[in-house]
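The next block is work-v3.cif, given as mmCIF, C-alpha atoms (C1' of nucleotides).
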```
data_input
#
loop_
_atom_site.label_atom_id
_atom_site.label_comp_id
_atom_site.auth_asym_id
_atom_site.auth_seq_id
_atom_site.Cartn_x
_atom_site.Cartn_y
_atom_site.Cartn_z
CA MET I 240 1.09 1.96 3.58
CA THR I 241 -2.37 1.11 4.70
CA ASP I 242 -4.54 -0.33 1.98
CA ASP I 243 -2.18 -2.10 -0.34
CA VAL I 244 -1.58 -5.66 -1.22
CA VAL I 245 1.77 -5.80 0.42
CA ARG I 246 1.59 -4.86 4.05
CA PRO I 247 3.98 -5.96 6.72
CA GLU I 248 1.13 -6.92 9.03
CA ARG I 249 -0.08 -9.53 6.61
CA ILE I 250 3.08 -11.44 5.95
CA HIS I 251 2.70 -15.06 6.90
CA PRO I 252 3.03 -18.25 4.90
CA ALA I 253 -0.65 -18.61 4.10
CA CYS I 254 -0.75 -15.12 2.59
CA PRO I 255 -0.73 -14.31 -1.12
CA THR I 256 2.17 -11.99 -0.50
CA SER I 257 4.35 -15.06 -0.31
CA ALA I 258 3.92 -15.30 -4.06
CA PHE I 259 4.96 -11.72 -4.59
CA PRO I 260 7.53 -12.15 -7.34
CA ILE I 261 9.48 -8.95 -6.86
CA GLN I 262 12.08 -8.55 -4.20
CA VAL I 263 14.38 -5.75 -3.17
CA GLY I 264 17.44 -7.01 -1.35
CA GLY I 265 16.65 -9.72 1.16
CA LYS I 266 13.25 -10.99 2.14
CA TRP I 267 12.52 -8.08 4.46
CA THR I 268 14.45 -5.24 2.88
CA GLY I 269 11.60 -3.87 0.82
CA MET I 270 9.23 -3.72 3.71
CA ALA I 271 11.83 -2.27 5.99
CA ILE I 272 12.22 0.56 3.51
CA LEU I 273 8.48 1.12 3.50
CA CYS I 274 8.37 1.15 7.29
CA LEU I 275 11.14 3.72 7.31
CA SER I 276 9.68 5.78 4.52
CA ASP I 277 7.97 8.29 6.75
CA GLY I 278 10.66 8.81 9.29
CA PRO I 279 13.20 7.12 11.55
CA ARG I 280 12.14 4.08 13.50
CA ARG I 281 13.50 2.19 16.43
CA PHE I 282 14.60 -1.40 16.19
CA SER I 283 11.60 -2.57 18.16
CA GLU I 284 9.20 -0.51 16.06
CA LEU I 285 10.48 -2.21 12.95
CA ARG I 286 10.19 -5.57 14.61
CA ALA I 287 6.60 -4.86 15.51
CA GLN I 288 5.66 -3.86 11.98
CA LEU I 289 7.48 -6.68 10.24
CA THR I 290 5.59 -9.06 12.40
CA PRO I 291 7.16 -12.46 12.06
CA VAL I 292 10.74 -11.35 11.63
CA THR I 293 13.15 -12.51 14.28
CA PRO I 294 15.66 -10.11 15.83
CA LYS I 295 18.55 -11.93 14.26
CA VAL I 296 17.17 -11.61 10.78
CA LEU I 297 16.13 -8.01 11.27
CA THR I 298 19.59 -7.16 12.51
CA GLN I 299 21.10 -8.84 9.51
CA THR I 300 18.76 -7.02 7.17
CA LEU I 301 19.51 -3.67 8.72
CA ARG I 302 23.23 -4.32 8.68
CA ASP I 303 23.18 -5.23 5.02
CA MET I 304 21.17 -2.13 4.28
CA SER I 305 23.62 -0.04 6.21
CA ARG I 306 26.52 -1.55 4.33
CA ASP I 307 24.85 -0.67 1.06
CA GLY I 308 24.18 2.87 2.19
CA LEU I 309 20.41 2.50 2.34
CA VAL I 310 20.00 3.35 6.02
CA VAL I 311 21.95 4.98 8.77
CA ARG I 312 22.00 3.56 12.25
CA ARG I 313 21.90 6.00 15.11
CA ASP I 314 22.78 4.95 18.61
CA HIS I 315 21.37 7.52 21.01
CA GLN I 316 23.75 6.38 23.73
CA GLN I 317 21.21 5.73 26.40
CA ASN I 318 20.47 3.13 28.93
CA PRO I 319 18.27 1.29 28.25
CA PRO I 320 19.52 1.33 24.65
CA HIS I 321 17.81 3.54 22.13
CA VAL I 322 18.73 3.01 18.51
CA THR I 323 17.03 4.39 15.44
CA TYR I 324 17.32 3.68 11.78
CA GLU I 325 16.73 6.23 9.06
CA LEU I 326 16.67 6.02 5.30
CA THR I 327 19.41 7.70 3.34
CA ASP I 328 18.72 9.43 0.04
CA LEU I 329 19.85 6.27 -1.65
CA GLY I 330 17.45 4.21 0.40
CA ARG I 331 14.66 6.63 -0.36
CA SER I 332 15.43 6.33 -4.05
CA LEU I 333 14.22 2.76 -3.91
CA ILE I 334 10.74 3.74 -2.86
CA ASP I 335 9.75 4.46 -6.44
CA VAL I 336 10.83 1.02 -7.53
CA ILE I 337 8.96 -0.54 -4.66
CA ASP I 338 5.88 1.45 -5.52
CA ALA I 339 6.11 0.21 -9.09
CA ALA I 340 6.26 -3.30 -7.74
CA ARG I 341 3.29 -2.68 -5.50
CA ALA I 342 1.30 -1.21 -8.34
CA TRP I 343 2.06 -4.30 -10.37
CA SER I 344 1.00 -6.44 -7.49
CA LYS I 345 -2.27 -4.65 -7.06
CA ALA I 346 -3.07 -5.01 -10.73
CA HIS I 347 -1.73 -8.45 -11.52
CA LEU I 348 -0.97 -10.59 -8.52
CA PRO I 349 -4.47 -12.09 -8.55
CA ASP I 350 -3.88 -13.20 -12.13
CA LEU I 351 -0.64 -14.85 -11.18
CA LEU I 352 -2.29 -16.59 -8.27
CA ALA I 353 -5.13 -17.75 -10.48
CA ALA I 354 -2.71 -19.11 -13.06
CA ARG I 355 -0.84 -20.93 -10.38
CA ALA I 356 -3.95 -22.43 -8.88
CA ALA I 357 -5.17 -23.57 -12.28
CA HIS I 358 -1.81 -25.12 -13.05
CA ASP I 359 -1.69 -26.90 -9.70
CA ARG I 360 -5.09 -28.42 -10.24
CA ALA I 361 -3.90 -30.03 -13.46
CA MET Z 54 18.60 -4.64 -23.79
CA THR Z 55 21.85 -3.50 -25.26
CA ASP Z 56 23.56 -0.81 -23.28
CA ASP Z 57 22.23 -1.13 -19.79
CA VAL Z 58 23.71 -2.08 -16.52
CA VAL Z 59 21.92 -5.37 -16.35
CA ARG Z 60 22.64 -7.49 -19.38
CA PRO Z 61 22.55 -11.23 -19.48
CA GLU Z 62 25.91 -11.39 -21.21
CA ARG Z 63 27.60 -9.76 -18.28
CA ILE Z 64 26.35 -11.87 -15.43
CA HIS Z 65 29.21 -13.44 -13.57
CA PRO Z 66 30.33 -13.23 -9.95
CA ALA Z 67 32.89 -10.48 -10.48
CA CYS Z 68 30.28 -8.22 -12.06
CA PRO Z 69 28.52 -5.33 -10.30
CA THR Z 70 25.24 -6.83 -11.37
CA SER Z 71 25.68 -9.36 -8.61
CA ALA Z 72 24.87 -6.53 -6.24
CA PHE Z 73 21.70 -5.63 -8.07
CA PRO Z 74 19.26 -5.45 -5.21
CA ILE Z 75 16.05 -6.00 -7.12
CA GLN Z 76 14.87 -9.38 -8.19
CA VAL Z 77 11.84 -10.66 -10.04
CA GLY Z 78 11.09 -14.26 -9.24
CA GLY Z 79 14.19 -16.44 -9.16
CA LYS Z 80 17.69 -15.42 -10.04
CA TRP Z 81 17.13 -15.65 -13.80
CA THR Z 82 13.46 -14.81 -14.14
CA GLY Z 83 13.91 -11.13 -14.79
CA MET Z 84 16.44 -11.64 -17.50
CA ALA Z 85 14.44 -14.40 -19.08
CA ILE Z 86 11.56 -11.95 -19.38
CA LEU Z 87 13.85 -9.43 -21.03
CA CYS Z 88 15.14 -12.01 -23.45
CA LEU Z 89 11.59 -12.92 -24.34
CA SER Z 90 10.40 -9.35 -24.55
CA ASP Z 91 10.76 -9.03 -28.27
CA GLY Z 92 9.36 -12.34 -29.33
CA PRO Z 93 9.35 -16.09 -28.72
CA ARG Z 94 12.67 -17.81 -28.13
CA ARG Z 95 13.84 -21.36 -28.20
CA PHE Z 96 15.27 -23.06 -25.16
CA SER Z 97 18.75 -22.98 -26.60
CA GLU Z 98 18.47 -19.32 -27.53
CA LEU Z 99 17.62 -18.48 -23.96
CA ARG Z 100 20.49 -20.59 -22.74
CA ALA Z 101 22.86 -18.74 -25.02
CA GLN Z 102 21.73 -15.32 -23.83
CA LEU Z 103 21.68 -16.16 -20.14
CA THR Z 104 25.23 -17.28 -20.44
CA PRO Z 105 26.16 -19.16 -17.31
CA VAL Z 106 22.79 -20.72 -16.61
CA THR Z 107 22.69 -24.50 -16.64
CA PRO Z 108 19.91 -26.37 -18.45
CA LYS Z 109 18.53 -27.66 -15.20
CA VAL Z 110 18.16 -24.22 -13.71
CA LEU Z 111 16.77 -22.73 -16.89
CA THR Z 112 14.21 -25.50 -17.10
CA GLN Z 113 13.23 -24.88 -13.53
CA THR Z 114 12.96 -21.14 -14.14
CA LEU Z 115 10.82 -21.60 -17.20
CA ARG Z 116 8.60 -24.11 -15.48
CA ASP Z 117 8.02 -21.80 -12.55
CA MET Z 118 7.25 -18.99 -14.96
CA SER Z 119 4.81 -21.18 -16.81
CA ARG Z 120 3.12 -22.17 -13.59
CA ASP Z 121 2.66 -18.53 -12.72
CA GLY Z 122 1.27 -17.75 -16.15
CA LEU Z 123 4.20 -15.60 -17.25
CA VAL Z 124 5.15 -17.67 -20.30
CA VAL Z 125 3.63 -20.31 -22.50
CA ARG Z 126 5.63 -23.25 -23.68
CA ARG Z 127 5.08 -24.40 -27.23
CA ASP Z 128 6.25 -27.77 -28.40
CA HIS Z 129 6.41 -27.73 -32.17
CA GLN Z 130 6.34 -31.53 -32.29
CA GLN Z 131 9.42 -32.03 -34.37
CA ASN Z 132 12.42 -34.23 -34.40
CA PRO Z 133 14.91 -32.97 -33.40
CA PRO Z 134 12.81 -31.21 -30.75
CA HIS Z 135 11.79 -27.63 -31.29
CA VAL Z 136 10.29 -25.82 -28.33
CA THR Z 137 9.63 -22.13 -27.95
CA TYR Z 138 8.68 -19.96 -25.04
CA GLU Z 139 6.64 -16.84 -25.32
CA LEU Z 140 5.58 -14.21 -22.84
CA THR Z 141 1.95 -13.97 -21.87
CA ASP Z 142 0.27 -10.63 -21.26
CA LEU Z 143 0.91 -11.19 -17.60
CA GLY Z 144 4.56 -11.81 -18.25
CA ARG Z 145 4.76 -8.73 -20.42
CA SER Z 146 3.18 -6.70 -17.64
CA LEU Z 147 6.32 -7.22 -15.61
CA ILE Z 148 8.50 -5.46 -18.13
CA ASP Z 149 7.56 -2.06 -16.74
CA VAL Z 150 8.59 -3.10 -13.26
CA ILE Z 151 11.85 -4.47 -14.57
CA ASP Z 152 12.47 -1.27 -16.47
CA ALA Z 153 11.89 0.71 -13.31
CA ALA Z 154 14.45 -1.49 -11.60
CA ARG Z 155 16.90 -1.01 -14.44
CA ALA Z 156 16.43 2.73 -14.38
CA TRP Z 157 17.14 2.69 -10.67
CA SER Z 158 20.20 0.61 -11.29
CA LYS Z 159 21.53 2.94 -13.91
CA ALA Z 160 21.07 5.93 -11.65
CA HIS Z 161 22.01 4.51 -8.28
CA LEU Z 162 23.83 1.23 -8.38
CA PRO Z 163 27.23 2.96 -8.45
CA ASP Z 164 26.30 4.77 -5.25
CA LEU Z 165 25.38 1.51 -3.60
CA LEU Z 166 28.61 -0.07 -4.72
CA ALA Z 167 30.59 2.89 -3.47
CA ALA Z 168 28.88 2.77 -0.09
CA ARG Z 169 29.59 -0.91 0.15
CA ALA Z 170 33.23 -0.50 -0.75
CA ALA Z 171 33.65 2.30 1.75
CA HIS Z 172 32.01 0.22 4.45
CA ASP Z 173 34.15 -2.80 3.66
CA ARG Z 174 37.33 -0.78 3.97
CA ALA Z 175 36.40 0.17 7.52
"C1'" DC G 293 15.94 -2.36 24.58
"C1'" DA G 294 18.74 -3.96 21.12
"C1'" DG G 295 20.86 -7.03 20.09
"C1'" DC G 296 24.42 -11.75 19.93
"C1'" DA G 297 25.38 -16.96 19.81
"C1'" DT G 298 24.19 -21.31 18.23
"C1'" DC G 299 21.99 -24.64 15.72
"C1'" DC G 300 19.23 -26.18 12.12
"C1'" DG G 301 16.23 -27.19 8.03
"C1'" DA G 302 15.04 -25.71 3.64
"C1'" DA G 303 15.70 -23.44 -0.53
"C1'" DC G 304 18.34 -22.34 -4.12
"C1'" DC G 305 21.74 -22.72 -7.39
"C1'" DG G 306 25.35 -25.03 -9.90
"C1'" DA G 307 28.39 -28.96 -11.93
"C1'" DT G 308 28.34 -33.11 -14.23
"C1'" DA G 309 26.61 -36.77 -16.75
"C1'" DC G 310 23.13 -38.92 -19.38
"C1'" DT G 311 18.73 -39.48 -22.74
"C1'" DG G 312 14.48 -39.57 -26.09
"C1'" DC W 17 17.59 -30.14 -29.34
"C1'" DA W 18 15.57 -29.97 -25.09
"C1'" DG W 19 15.68 -31.56 -21.65
"C1'" DT W 20 16.32 -35.31 -17.07
"C1'" DA W 21 18.94 -37.38 -13.06
"C1'" DT W 22 21.95 -37.05 -9.36
"C1'" DC W 23 24.78 -34.89 -6.30
"C1'" DG W 24 26.68 -31.23 -3.80
"C1'" DG W 25 27.61 -26.71 -1.71
"C1'" DT W 26 26.25 -22.28 -0.13
"C1'" DT W 27 23.15 -19.16 1.43
"C1'" DC W 28 19.12 -17.87 3.72
"C1'" DG W 29 15.85 -17.60 7.01
"C1'" DG W 30 14.01 -19.08 11.32
"C1'" DA W 31 13.87 -21.06 16.31
"C1'" DT W 32 15.67 -20.69 20.74
"C1'" DG W 33 18.08 -18.89 24.42
"C1'" DC W 34 21.22 -15.51 26.42
"C1'" DT W 35 23.41 -10.60 27.47
"C1'" DG W 36 25.09 -5.59 28.35
#
```
Can you turn what I pasted into structure tokens?
Amino acid sequence: MTDDVVRPERIHPACPTSAFPIQVGGKWTGMAILCLSDGPRRFSELRAQLTPVTPKVLTQTLRDMSRDGLVVRRDHQQNPPHVTYELTDLGRSLIDVIDAARAWSKAHLPDLLAARAAHDRA
Amino acid sequence: MTDDVVRPERIHPACPTSAFPIQVGGKWTGMAILCLSDGPRRFSELRAQLTPVTPKVLTQTLRDMSRDGLVVRRDHQQNPPHVTYELTDLGRSLIDVIDAARAWSKAHLPDLLAARAAHDRA
DNA sequence: CAGCATCCGAACCGATACTG
DNA sequence: CAGTATCGGTTCGGATGCTG
């Protein structure tokens, strides 16, 4: 998750990733899966990695993922709160698809961007 | 494109495909690519295969795809009009990604649906 | 820390009707 | 045939502020 085209740290409107034509679930679902791919993460850790995501949207994303059996939420019953999210087998099964999408992106996103730029000039 | 989970002919709200968590471009882009995968198609042929899509939305989809260099539009300059759309190499390059998504769907979509149903009961 | 409540603008998608 | 024009509704994502 460090030297690819699609990295959470780079997501902002001026970034080519905005043109990424492949999406898993909602806008943030794919990257949430990647962030969770090497172990459980806390809510705030996810927030930090998916930089511009607001808590509301992250909560919604995680809830939808939980509903679909992609993650499990674990409340460690502490004060202050400590909650972690972990991929299920089903959630992990999506990593291959995401990797296929990322491979495509690495190979072809520049072409798409070039085509778009050329079109927009005309 | 005949006996898979995701088939244009089956797309309607009551269909499991609505839960398909992987999307390429807009709602119809992925299926448009599949419909075009074995040769050029006319506008009306695409409309017929992507059953419930309205002309406006199909036009928009095709235009976006053209902008991104995924298809080329060919106007055969006839009356009545005869226009065909054909995948570019770039468009064709997405077929692998879509196939990966379809393979995932075949293997795991039932699990997702089951998880969702179980969650919704509780 | 891990959210919830509220409001809002934008995007997307669809229905319907019309046209060169 | 291959669109265009107009309108409308829903969904989505984001901003802001508050809470146990």
With a distance threshold of 8 Å and counting only C-alpha atoms (C1' of nucleotides), extract the residues of chain Z near chain W and express them as number ranges by chain. Z: 96-97, 108, 112, 133-136
Keeping only C-alpha atoms, write the selected residues to a file as a compact mmCIF listing (two decimals), in the coordinates of the input.
```txt
# COMPACT_ATOMS: atom_id res chain seq x y z
CA PHE Z 96 15.27 -23.06 -25.16
CA SER Z 97 18.75 -22.98 -26.60
CA PRO Z 108 19.91 -26.37 -18.45
CA THR Z 112 14.21 -25.50 -17.10
CA PRO Z 133 14.91 -32.97 -33.40
CA PRO Z 134 12.81 -31.21 -30.75
CA HIS Z 135 11.79 -27.63 -31.29
CA VAL Z 136 10.29 -25.82 -28.33
```
Build an axis-aligned box that encloses every atom of range 321-329 of chain I listed in the file, pad it by 8 Å on each side, and report its centre and edge lengths in Å to one decimal, as JSON.
```
{"center_x": 18.3, "center_y": 6.2, "center_z": 10.2, "size_x": 19.2, "size_y": 22.4, "size_z": 39.8}
```
Going by the chain IDs and residue numbers used in this file, which residues fall under the PyMOL selection byres ((chain G) within 8 of (chain I))? Write them as a PyMOL selection string. chain G and resi 293-295
For chain I against chain Z, which residues fall within 8 Å using all atoms listed in the file, given as an mmCIF file with C-alpha atoms, keeping the file's coordinate frame?
```cif
data_model
loop_
_atom_site.group_PDB
_atom_site.id
_atom_site.type_symbol
_atom_site.label_atom_id
_atom_site.label_comp_id
_atom_site.auth_asym_id
_atom_site.auth_seq_id
_atom_site.Cartn_x
_atom_site.Cartn_y
_atom_site.Cartn_z
ATOM 1 C CA PRO I 260 7.530 -12.150 -7.340
ATOM 2 C CA ILE I 261 9.480 -8.950 -6.860
ATOM 3 C CA GLN I 262 12.080 -8.550 -4.200
ATOM 4 C CA VAL I 263 14.380 -5.750 -3.170
ATOM 5 C CA GLY I 264 17.440 -7.010 -1.350
ATOM 6 C CA ARG I 306 26.520 -1.550 4.330
ATOM 7 C CA ASP I 307 24.850 -0.670 1.060
ATOM 8 C CA GLY I 308 24.180 2.870 2.190
ATOM 9 C CA LEU I 309 20.410 2.500 2.340
ATOM 10 C CA LEU I 329 19.850 6.270 -1.650
ATOM 11 C CA SER I 332 15.430 6.330 -4.050
ATOM 12 C CA LEU I 333 14.220 2.760 -3.910
ATOM 13 C CA VAL I 336 10.830 1.020 -7.530
ATOM 14 C CA ALA I 339 6.110 0.210 -9.090
ATOM 15 C CA ALA I 340 6.260 -3.300 -7.740
ATOM 16 C CA TRP I 343 2.060 -4.300 -10.370
ATOM 17 C CA HIS I 347 -1.730 -8.450 -11.520
ATOM 18 C CA ASP I 350 -3.880 -13.200 -12.130
ATOM 19 C CA LEU I 351 -0.640 -14.850 -11.180
ATOM 20 C CA LEU I 352 -2.290 -16.590 -8.270
ATOM 21 C CA ALA I 354 -2.710 -19.110 -13.060
ATOM 22 C CA ARG I 355 -0.840 -20.930 -10.380
ATOM 23 C CA HIS I 358 -1.810 -25.120 -13.050
ATOM 24 C CA ASP I 359 -1.690 -26.900 -9.700
#
```
Two-atom distance - CA of Val311 in chain I, CA of Tyr324 in chain I (Å): 5.7 Å
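The space separating CA of Gln299 in chain I from CA of Lys159 in chain Z comes to 26.2 Å.
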Mind giving me the straight-line distance from CA of Pro279 in chain I to CA of Thr323 in chain I in Å, one decimal? 6.1 Å
Would you write out, as a list in words, every residue that the PyMOL selection byres ((chain I and resi 278) around 10) captures in this file? Leu273, Cys274, Leu275, Ser276, Asp277, Pro279, Arg280, Thr323, Tyr324, Glu325 and Leu326 of chain I
Rebuild range 262-285 of chain I so that it carries N, CA and C atoms, then output the result as a JSON list (two decimals), keeping the file's coordinate frame.
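Generated file (result_5.json):
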```json
[["chain", "number", "residue", "atom", "x", "y", "z"],
["I", 262, "GLN", "N", 11.41, -8.69, -5.47],
["I", 262, "GLN", "CA", 12.08, -8.55, -4.20],
["I", 262, "GLN", "C", 13.20, -7.54, -4.27],
["I", 263, "VAL", "N", 13.30, -6.72, -3.26],
["I", 263, "VAL", "CA", 14.38, -5.75, -3.17],
["I", 263, "VAL", "C", 15.30, -6.19, -2.05],
["I", 264, "GLY", "N", 16.51, -6.53, -2.37],
["I", 264, "GLY", "CA", 17.44, -7.01, -1.35],
["I", 264, "GLY", "C", 16.96, -8.33, -0.79],
["I", 265, "GLY", "N", 17.08, -8.49, 0.51],
["I", 265, "GLY", "CA", 16.65, -9.72, 1.16],
["I", 265, "GLY", "C", 15.14, -9.76, 1.33],
["I", 266, "LYS", "N", 14.69, -10.78, 2.00],
["I", 266, "LYS", "CA", 13.25, -10.99, 2.14],
["I", 266, "LYS", "C", 12.53, -9.81, 2.77],
["I", 267, "TRP", "N", 13.18, -9.12, 3.69],
["I", 267, "TRP", "CA", 12.52, -8.08, 4.46],
["I", 267, "TRP", "C", 12.91, -6.66, 4.07],
["I", 268, "THR", "N", 13.90, -6.55, 3.20],
["I", 268, "THR", "CA", 14.45, -5.24, 2.88],
["I", 268, "THR", "C", 13.40, -4.27, 2.35],
["I", 269, "GLY", "N", 12.61, -4.74, 1.42],
["I", 269, "GLY", "CA", 11.60, -3.87, 0.82],
["I", 269, "GLY", "C", 10.64, -3.32, 1.86],
["I", 270, "MET", "N", 10.18, -4.19, 2.72],
["I", 270, "MET", "CA", 9.23, -3.72, 3.71],
["I", 270, "MET", "C", 9.87, -2.86, 4.78],
["I", 271, "ALA", "N", 11.12, -3.13, 5.05],
["I", 271, "ALA", "CA", 11.83, -2.27, 5.99],
["I", 271, "ALA", "C", 11.90, -0.85, 5.42],
["I", 272, "ILE", "N", 12.17, -0.76, 4.13],
["I", 272, "ILE", "CA", 12.22, 0.56, 3.51],
["I", 272, "ILE", "C", 10.87, 1.26, 3.62],
["I", 273, "LEU", "N", 9.81, 0.52, 3.38],
["I", 273, "LEU", "CA", 8.48, 1.12, 3.50],
["I", 273, "LEU", "C", 8.21, 1.60, 4.93],
["I", 274, "CYS", "N", 8.59, 0.77, 5.89],
["I", 274, "CYS", "CA", 8.37, 1.15, 7.29],
["I", 274, "CYS", "C", 9.16, 2.40, 7.66],
["I", 275, "LEU", "N", 10.29, 2.57, 7.00],
["I", 275, "LEU", "CA", 11.14, 3.72, 7.31],
["I", 275, "LEU", "C", 10.81, 4.92, 6.44],
["I", 276, "SER", "N", 9.85, 4.75, 5.54],
["I", 276, "SER", "CA", 9.68, 5.78, 4.52],
["I", 276, "SER", "C", 9.09, 7.07, 5.07],
["I", 277, "ASP", "N", 8.40, 6.99, 6.22],
["I", 277, "ASP", "CA", 7.97, 8.29, 6.75],
["I", 277, "ASP", "C", 8.62, 8.62, 8.08],
["I", 278, "GLY", "N", 9.91, 8.36, 8.13],
["I", 278, "GLY", "CA", 10.66, 8.81, 9.29],
["I", 278, "GLY", "C", 11.45, 7.70, 9.96],
["I", 279, "PRO", "N", 12.36, 8.09, 10.83],
["I", 279, "PRO", "CA", 13.20, 7.12, 11.55],
["I", 279, "PRO", "C", 12.35, 6.22, 12.44],
["I", 280, "ARG", "N", 12.83, 5.03, 12.65],
["I", 280, "ARG", "CA", 12.14, 4.08, 13.50],
["I", 280, "ARG", "C", 13.14, 3.36, 14.39],
["I", 281, "ARG", "N", 12.66, 2.97, 15.53],
["I", 281, "ARG", "CA", 13.50, 2.19, 16.43],
["I", 281, "ARG", "C", 13.50, 0.73, 16.01],
["I", 282, "PHE", "N", 14.50, 0.03, 16.48],
["I", 282, "PHE", "CA", 14.60, -1.40, 16.19],
["I", 282, "PHE", "C", 13.30, -2.12, 16.54],
["I", 283, "SER", "N", 12.80, -1.86, 17.71],
["I", 283, "SER", "CA", 11.60, -2.57, 18.16],
["I", 283, "SER", "C", 10.36, -2.15, 17.38],
["I", 284, "GLU", "N", 10.34, -0.93, 16.89],
["I", 284, "GLU", "CA", 9.20, -0.51, 16.06],
["I", 284, "GLU", "C", 9.21, -1.28, 14.75],
["I", 285, "LEU", "N", 10.38, -1.43, 14.18],
["I", 285, "LEU", "CA", 10.48, -2.21, 12.95],
["I", 285, "LEU", "C", 10.07, -3.64, 13.19]]
```
